[in-house]
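Containing CSV, C-alpha atoms: start.csv.
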chain,number,residue,atom,x,y,z
A,1,MET,CA,35.4,49.8,98.1
A,2,ASP,CA,32.6,48.2,100.2
A,3,HIS,CA,30.4,50.9,101.7
A,4,ARG,CA,28.6,48.7,104.3
A,5,HIS,CA,30.4,50.4,107.2
A,6,HIS,CA,30.6,54.1,108.3
A,7,ARG,CA,27.7,55.1,106.1
A,8,ALA,CA,25.8,58.3,106.4
A,9,THR,CA,22.1,57.4,105.7
A,10,THR,CA,20.0,60.5,106.0
A,11,SER,CA,18.9,60.5,102.4
A,12,PRO,CA,17.9,57.9,99.8
A,13,THR,CA,20.5,59.3,97.3
A,14,ARG,CA,23.3,56.8,96.7
A,15,PHE,CA,26.9,57.4,95.8
A,16,THR,CA,28.9,55.1,93.7
A,17,LEU,CA,32.7,54.9,93.7
A,18,ARG,CA,32.9,55.4,90.0
A,19,ARG,CA,31.4,58.8,89.5
A,20,PHE,CA,32.8,62.3,89.4
A,21,PRO,CA,31.0,64.2,92.3
A,22,VAL,CA,30.1,67.3,93.6
A,23,ARG,CA,27.8,65.0,95.6
A,24,ALA,CA,24.7,64.6,97.6
A,25,MET,CA,22.1,65.6,94.9
A,26,VAL,CA,24.4,68.3,93.6
A,27,ALA,CA,27.1,65.8,93.0
A,28,VAL,CA,24.8,63.6,91.0
A,29,ALA,CA,24.0,66.6,88.8
A,30,VAL,CA,27.6,67.2,88.0
A,31,ALA,CA,28.5,63.5,87.8
A,32,SER,CA,25.7,62.1,85.8
A,33,ALA,CA,27.2,63.1,82.5
A,34,LEU,CA,30.5,61.4,83.2
A,35,ALA,CA,31.3,57.8,82.3
A,36,ALA,CA,32.2,55.3,85.0
A,37,SER,CA,35.8,55.4,85.9
A,38,PRO,CA,37.9,52.2,86.4
A,39,ALA,CA,38.6,51.2,90.0
A,40,VAL,CA,42.0,52.3,91.3
A,41,ALA,CA,44.4,49.4,90.9
A,42,GLN,CA,46.6,48.1,93.7
A,43,SER,CA,50.3,48.6,92.9
A,44,GLU,CA,52.5,45.5,92.7
A,45,HIS,CA,54.6,47.0,95.4
A,46,GLU,CA,52.1,47.9,98.1
A,47,VAL,CA,52.5,51.4,99.5
A,48,LEU,CA,52.7,51.5,103.3
A,49,PRO,CA,49.6,53.2,104.8
A,50,THR,CA,51.4,56.0,106.7
A,51,PRO,CA,50.4,59.6,107.5
A,52,ALA,CA,52.9,60.7,104.7
A,53,SER,CA,51.2,58.4,102.1
A,54,LEU,CA,47.7,59.8,103.1
A,55,THR,CA,49.1,63.3,102.6
A,56,GLN,CA,50.2,62.2,99.1
A,57,VAL,CA,46.7,60.9,98.4
A,58,LEU,CA,45.0,64.1,99.6
A,59,SER,CA,47.4,66.1,97.4
A,60,CYS,CA,46.8,64.2,94.1
A,61,GLN,CA,50.2,62.5,94.2
A,62,SER,CA,49.6,58.8,94.4
A,63,ARG,CA,46.9,56.5,92.9
A,64,ASP,CA,48.9,53.5,94.3
A,65,ALA,CA,48.5,54.8,97.9
A,66,LEU,CA,44.8,55.4,97.3
A,67,GLY,CA,44.5,51.8,96.3
A,68,THR,CA,46.2,50.7,99.6
A,69,PHE,CA,43.8,52.8,101.7
A,70,ALA,CA,40.8,51.6,99.8
A,71,GLU,CA,41.8,48.0,100.4
A,72,LEU,CA,42.4,48.4,104.1
A,73,LEU,CA,39.5,50.7,104.9
A,74,PHE,CA,36.6,49.4,102.8
A,75,LEU,CA,37.5,45.7,101.9
A,76,GLN,CA,39.5,44.4,104.9
A,77,TYR,CA,38.0,46.9,107.5
A,78,ARG,CA,41.5,47.1,109.0
A,79,PRO,CA,42.4,50.8,109.3
A,80,PRO,CA,46.0,51.5,110.5
A,81,ALA,CA,46.3,52.2,114.2
A,82,TRP,CA,46.6,56.0,113.5
A,83,MET,CA,43.2,56.1,111.7
A,84,ARG,CA,39.8,55.4,113.2
A,85,PRO,CA,36.2,55.8,111.9
A,86,SER,CA,34.6,59.1,112.9
A,87,LYS,CA,31.2,60.6,112.8
A,88,LEU,CA,30.5,63.4,110.4
A,89,PRO,CA,30.7,66.9,111.8
A,90,LYS,CA,27.7,69.2,111.8
A,91,ALA,CA,28.9,70.9,108.6
A,92,LEU,CA,28.7,67.6,106.7
A,93,ASP,CA,25.7,66.0,108.4
A,94,GLY,CA,23.3,64.8,105.7
A,95,MET,CA,25.9,64.3,103.0
A,96,ILE,CA,25.5,60.8,101.5
A,97,GLY,CA,28.3,58.4,100.8
A,98,LEU,CA,30.8,60.3,102.9
A,99,TYR,CA,33.1,58.2,105.2
A,100,GLY,CA,35.1,60.0,107.9
A,101,PHE,CA,38.3,59.0,109.7
A,102,ALA,CA,40.1,60.8,112.5
A,103,VAL,CA,43.8,60.7,111.9
A,104,GLU,CA,46.9,61.1,114.0
A,105,GLY,CA,50.4,62.1,112.9
A,106,ASN,CA,51.5,64.6,110.4
A,107,VAL,CA,48.7,64.6,107.8
A,108,SER,CA,48.0,67.6,105.6
A,109,VAL,CA,46.2,68.7,102.5
A,110,PHE,CA,48.5,70.9,100.4
A,111,GLU,CA,50.4,71.9,103.5
A,112,GLU,CA,47.3,72.6,105.6
A,113,PRO,CA,47.4,70.3,108.6
A,114,VAL,CA,44.3,68.2,109.2
A,115,ASP,CA,43.1,65.7,111.9
A,116,HIS,CA,40.1,64.2,109.9
A,117,VAL,CA,39.8,63.0,106.3
A,118,TYR,CA,36.8,61.9,104.2
A,119,PHE,CA,36.4,59.4,101.4
A,120,MET,CA,33.5,60.0,99.0
A,121,SER,CA,33.3,58.2,95.7
A,122,ASP,CA,36.6,59.1,93.9
A,123,TRP,CA,37.3,62.0,96.2
A,124,VAL,CA,39.6,62.0,99.2
A,125,VAL,CA,39.2,65.4,101.1
A,126,ALA,CA,39.6,67.3,104.3
A,127,LEU,CA,37.3,69.9,105.7
A,128,LEU,CA,39.0,73.3,106.0
A,129,PRO,CA,38.0,76.7,107.3
A,130,ARG,CA,37.3,79.0,104.4
A,131,ALA,CA,40.5,81.1,104.9
A,132,SER,CA,42.6,77.9,104.8
A,133,ALA,CA,40.7,76.5,101.8
A,134,GLU,CA,41.2,79.8,100.0
A,135,ARG,CA,44.9,79.7,100.6
A,136,VAL,CA,45.0,76.2,99.0
A,137,ILE,CA,42.8,77.3,96.1
A,138,ALA,CA,45.1,80.3,95.3
A,139,ALA,CA,48.3,78.3,95.8
A,140,GLN,CA,47.1,75.5,93.5
A,141,LYS,CA,45.7,77.9,90.9
A,142,MET,CA,42.3,76.4,90.9
A,143,THR,CA,39.5,77.9,88.8
A,144,ARG,CA,35.9,78.4,89.8
A,145,ALA,CA,33.7,75.7,88.1
A,146,PRO,CA,30.7,76.9,86.0
A,147,ILE,CA,28.1,75.6,88.5
A,148,ALA,CA,25.5,78.1,89.7
A,149,ILE,CA,24.0,76.0,92.4
A,150,THR,CA,27.1,75.4,94.5
A,151,GLU,CA,30.7,76.5,94.9
A,152,GLN,CA,33.4,74.3,93.4
A,153,TYR,CA,37.0,74.9,92.3
A,154,TYR,CA,39.2,72.7,90.2
A,155,ARG,CA,42.5,72.1,88.4
A,156,PHE,CA,43.4,69.0,86.4
A,157,VAL,CA,46.8,67.5,86.9
A,158,ASP,CA,46.4,66.0,83.4
A,159,PRO,CA,43.5,67.5,81.4
A,160,GLU,CA,42.9,64.3,79.6
A,161,THR,CA,42.7,61.8,82.4
A,162,GLY,CA,43.0,63.6,85.8
A,163,PRO,CA,43.3,63.4,88.7
A,164,MET,CA,41.6,66.7,89.6
A,165,ILE,CA,42.7,68.9,92.5
A,166,GLY,CA,39.5,70.4,93.9
A,167,GLY,CA,37.6,72.3,96.5
A,168,PHE,CA,33.9,72.5,97.0
A,169,ALA,CA,31.2,73.5,99.5
A,170,PRO,CA,29.3,70.9,101.5
A,171,THR,CA,26.2,70.1,99.5
A,172,VAL,CA,23.6,69.8,102.2
A,173,ASP,CA,22.1,73.3,101.5
A,174,ALA,CA,21.7,72.4,97.8
A,175,MET,CA,19.9,69.2,98.7
A,176,ALA,CA,17.5,71.2,101.0
A,177,LYS,CA,16.8,73.7,98.1
A,178,MET,CA,16.0,70.8,95.8
A,179,LEU,CA,13.5,69.5,98.4
A,180,VAL,CA,12.0,72.9,98.7
A,181,ASP,CA,11.5,73.1,94.9
A,182,ALA,CA,10.1,69.6,94.8
A,183,PHE,CA,7.8,69.6,97.8
A,184,GLY,CA,7.3,73.3,98.5
A,185,GLY,CA,9.1,73.1,101.8
A,186,ASP,CA,11.2,70.6,103.8
A,187,PRO,CA,9.5,70.2,107.2
A,188,ALA,CA,12.7,68.6,108.6
A,189,ALA,CA,14.8,71.7,108.0
A,190,LYS,CA,14.2,75.1,109.7
A,191,SER,CA,16.2,76.8,107.0
A,192,ALA,CA,14.4,75.0,104.1
A,193,LYS,CA,12.9,78.3,102.8
A,194,VAL,CA,16.2,80.1,103.0
A,195,PRO,CA,18.4,80.0,99.9
A,196,PRO,CA,21.7,78.0,100.2
A,197,SER,CA,24.6,79.9,101.8
A,198,THR,CA,26.6,81.8,99.2
A,199,ASP,CA,29.6,82.0,101.6
A,200,PRO,CA,29.9,78.7,103.5
A,201,LYS,CA,32.4,78.9,106.4
A,202,MET,CA,34.0,75.5,105.5
A,203,LEU,CA,35.1,74.0,102.2
A,204,LEU,CA,36.1,70.4,101.4
A,205,VAL,CA,39.5,70.3,99.7
A,206,GLY,CA,41.5,67.4,98.3
A,207,CYS,CA,41.8,65.2,95.2
A,208,ASN,CA,39.4,63.5,92.8
A,209,TYR,CA,41.0,60.4,91.3
A,210,ALA,CA,38.2,59.6,88.7
A,211,VAL,CA,39.6,59.0,85.3
A,212,ALA,CA,37.9,61.7,83.3
A,213,SER,CA,38.9,64.6,81.2
A,214,GLN,CA,38.6,68.3,82.0
A,215,GLU,CA,36.3,68.7,79.0
A,216,ASP,CA,33.9,66.1,80.3
A,217,PHE,CA,33.9,67.6,83.8
A,218,LEU,CA,33.2,71.1,82.4
A,219,ASP,CA,30.4,69.8,80.2
A,220,ALA,CA,28.8,68.1,83.2
A,221,ALA,CA,29.3,71.2,85.4
A,222,ARG,CA,27.6,73.4,82.9
A,223,GLY,CA,24.6,71.1,82.8
A,224,ALA,CA,24.4,70.6,86.6
A,225,GLU,CA,21.6,73.1,87.3
A,226,ASP,CA,19.5,71.6,84.5
A,227,THR,CA,20.0,68.1,85.8
A,228,MET,CA,19.1,69.3,89.3
A,229,ARG,CA,15.9,70.9,88.0
A,230,LYS,CA,15.0,67.6,86.2
A,231,ALA,CA,15.7,65.6,89.4
A,232,GLY,CA,13.4,68.0,91.4
A,233,ALA,CA,10.7,67.6,88.8
A,234,ASP,CA,11.0,63.8,88.9
A,235,ILE,CA,10.7,63.9,92.7
A,236,ARG,CA,7.7,66.3,92.5
A,237,ARG,CA,6.0,63.9,89.9
A,238,MET,CA,6.6,60.9,92.2
A,239,ALA,CA,5.1,62.8,95.1
A,240,GLU,CA,2.0,63.7,93.1
A,241,GLU,CA,1.7,60.0,92.1
A,242,GLY,CA,2.2,58.9,95.7
A,243,GLU,CA,5.6,57.3,95.1
A,244,ALA,CA,7.5,59.8,97.2
A,245,ARG,CA,6.9,61.8,100.4
A,246,PRO,CA,8.6,64.8,101.9
A,247,PRO,CA,11.3,63.8,104.5
A,248,ARG,CA,10.1,63.8,108.1

Encoded form (structure tokens):
Amino acid sequence: MDHRHHRATTSPTRFTLRRFPVRAMVAVAVASALAASPAVAQSEHEVLPTPASLTQVLSCQSRDALGTFAELLFLQYRPPAWMRPSKLPKALDGMIGLYGFAVEGNVSVFEEPVDHVYFMSDWVVALLPRASAERVIAAQKMTRAPIAITEQYYRFVDPETGPMIGGFAPTVDAMAKMLVDAFGGDPAAKSAKVPPSTDPKMLLVGCNYAVASQEDFLDAARGAEDTMRKAGADIRRMAEEGEARPPR
């Protein structure tokens, strides 16, 4: 996927399409231990890009359909008539590598209707109110991931290769916390000295198509806080050496 269009650019952190997120900086923490996953291959018999096939993608039911959407949206820049690029809502503002599309027609994520979808690395997700997200988490028998610094839930369709059904909190608060730790305060954020919310009102829910095992994911998740701490220390060191400055 080519990410030259529809890019959020409020942070220098980059996303790749071959990593296992919970992203912004938090995603890097979880993903850094995972090997790069192969790109999703296009099926010999191309799947028509319909609201029904997007629903399949959101619900971890079709790698082939994901390949079709990847080709149209990020290589050909030809979204179907019922999809159009969309700005990120306030709840997601500041997340890096997230590409939003408004959708028309009968699109849903695990039977919860949606009118916007987001592509981020190997994730395809929708933003749901907490009550709706919790219904999906319960119905899909997801488990809380062992990550202290953010909220994420998971269930692997195949524990050896994925894909992974998941739900996670937007990661902007975690990024702000890391900046506070690194610089002693983020002058751009009024809430910088306030700990990240322990009960976000919205959660991202959908599917991660990275080819990775449940064991690898859990290993990365357990080390996420440590990785975040090291990232903050690196930024602090760069600031002290004049290589980095607090965001303005």

So that I can see what lies close to Ser59 (chain A), please list as a ChimeraX atom specification the residues with an atom at most 12 Å from it, counting only C-alpha atoms and leaving out residues fewer than 2 positions away in the same chain. /A:52-57,61-63,65-66,107-113,123-126,136,140,155,157,163-167,205-209

Those selected residues, please, written with C-alpha atoms and delivered as a JSON list (two decimals), keeping the file's coordinate frame.
[["chain", "number", "residue", "atom", "x", "y", "z"],
["A", 52, "ALA", "CA", 52.90, 60.70, 104.70],
["A", 53, "SER", "CA", 51.20, 58.40, 102.10],
["A", 54, "LEU", "CA", 47.70, 59.80, 103.10],
["A", 55, "THR", "CA", 49.10, 63.30, 102.60],
["A", 56, "GLN", "CA", 50.20, 62.20, 99.10],
["A", 57, "VAL", "CA", 46.70, 60.90, 98.40],
["A", 61, "GLN", "CA", 50.20, 62.50, 94.20],
["A", 62, "SER", "CA", 49.60, 58.80, 94.40],
["A", 63, "ARG", "CA", 46.90, 56.50, 92.90],
["A", 65, "ALA", "CA", 48.50, 54.80, 97.90],
["A", 66, "LEU", "CA", 44.80, 55.40, 97.30],
["A", 107, "VAL", "CA", 48.70, 64.60, 107.80],
["A", 108, "SER", "CA", 48.00, 67.60, 105.60],
["A", 109, "VAL", "CA", 46.20, 68.70, 102.50],
["A", 110, "PHE", "CA", 48.50, 70.90, 100.40],
["A", 111, "GLU", "CA", 50.40, 71.90, 103.50],
["A", 112, "GLU", "CA", 47.30, 72.60, 105.60],
["A", 113, "PRO", "CA", 47.40, 70.30, 108.60],
["A", 123, "TRP", "CA", 37.30, 62.00, 96.20],
["A", 124, "VAL", "CA", 39.60, 62.00, 99.20],
["A", 125, "VAL", "CA", 39.20, 65.40, 101.10],
["A", 126, "ALA", "CA", 39.60, 67.30, 104.30],
["A", 136, "VAL", "CA", 45.00, 76.20, 99.00],
["A", 140, "GLN", "CA", 47.10, 75.50, 93.50],
["A", 155, "ARG", "CA", 42.50, 72.10, 88.40],
["A", 157, "VAL", "CA", 46.80, 67.50, 86.90],
["A", 163, "PRO", "CA", 43.30, 63.40, 88.70],
["A", 164, "MET", "CA", 41.60, 66.70, 89.60],
["A", 165, "ILE", "CA", 42.70, 68.90, 92.50],
["A", 166, "GLY", "CA", 39.50, 70.40, 93.90],
["A", 167, "GLY", "CA", 37.60, 72.30, 96.50],
["A", 205, "VAL", "CA", 39.50, 70.30, 99.70],
["A", 206, "GLY", "CA", 41.50, 67.40, 98.30],
["A", 207, "CYS", "CA", 41.80, 65.20, 95.20],
["A", 208, "ASN", "CA", 39.40, 63.50, 92.80],
["A", 209, "TYR", "CA", 41.00, 60.40, 91.30]]

Between CA of Val117 (chain A) and CA of Ala212 (chain A), what is the distance, to one decimal in Å? 23.1 Å

Report as a PDB file with C-alpha atoms, in the coordinates of the input all protein, DNA and RNA residues lying within 9 Å of Ile137 (chain A), evaluated on all atoms listed in the file, omitting residues in the same chain fewer than 4 positions from it.
ATOM      1  CA  SER A 132      42.600  77.900 104.800  1.00  0.00           C
ATOM      2  CA  ALA A 133      40.700  76.500 101.800  1.00  0.00           C
ATOM      3  CA  LYS A 141      45.700  77.900  90.900  1.00  0.00           C
ATOM      4  CA  MET A 142      42.300  76.400  90.900  1.00  0.00           C
ATOM      5  CA  THR A 143      39.500  77.900  88.800  1.00  0.00           C
ATOM      6  CA  TYR A 153      37.000  74.900  92.300  1.00  0.00           C
ATOM      7  CA  TYR A 154      39.200  72.700  90.200  1.00  0.00           C
ATOM      8  CA  GLY A 166      39.500  70.400  93.900  1.00  0.00           C
ATOM      9  CA  GLY A 167      37.600  72.300  96.500  1.00  0.00           C
ATOM     10  CA  VAL A 205      39.500  70.300  99.700  1.00  0.00           C
TER      11      VAL A 205
END

A:His116, A:Lys87, A:Arg135, A:Arg78: which is nearest Leu58 (chain A), counting all atoms listed in the file? A:His116

One number please: CA of Tyr99 (chain A) to CA of Pro85 (chain A), in Å, one decimal.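 Atom-to-atom, CA of Tyr99 (chain A) and CA of Pro85 (chain A) are spaced 7.8 Å apart.
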
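Take CA of Thr161 (chain A) and CA of Asn106 (chain A): the distance between them is 29.5 Å.
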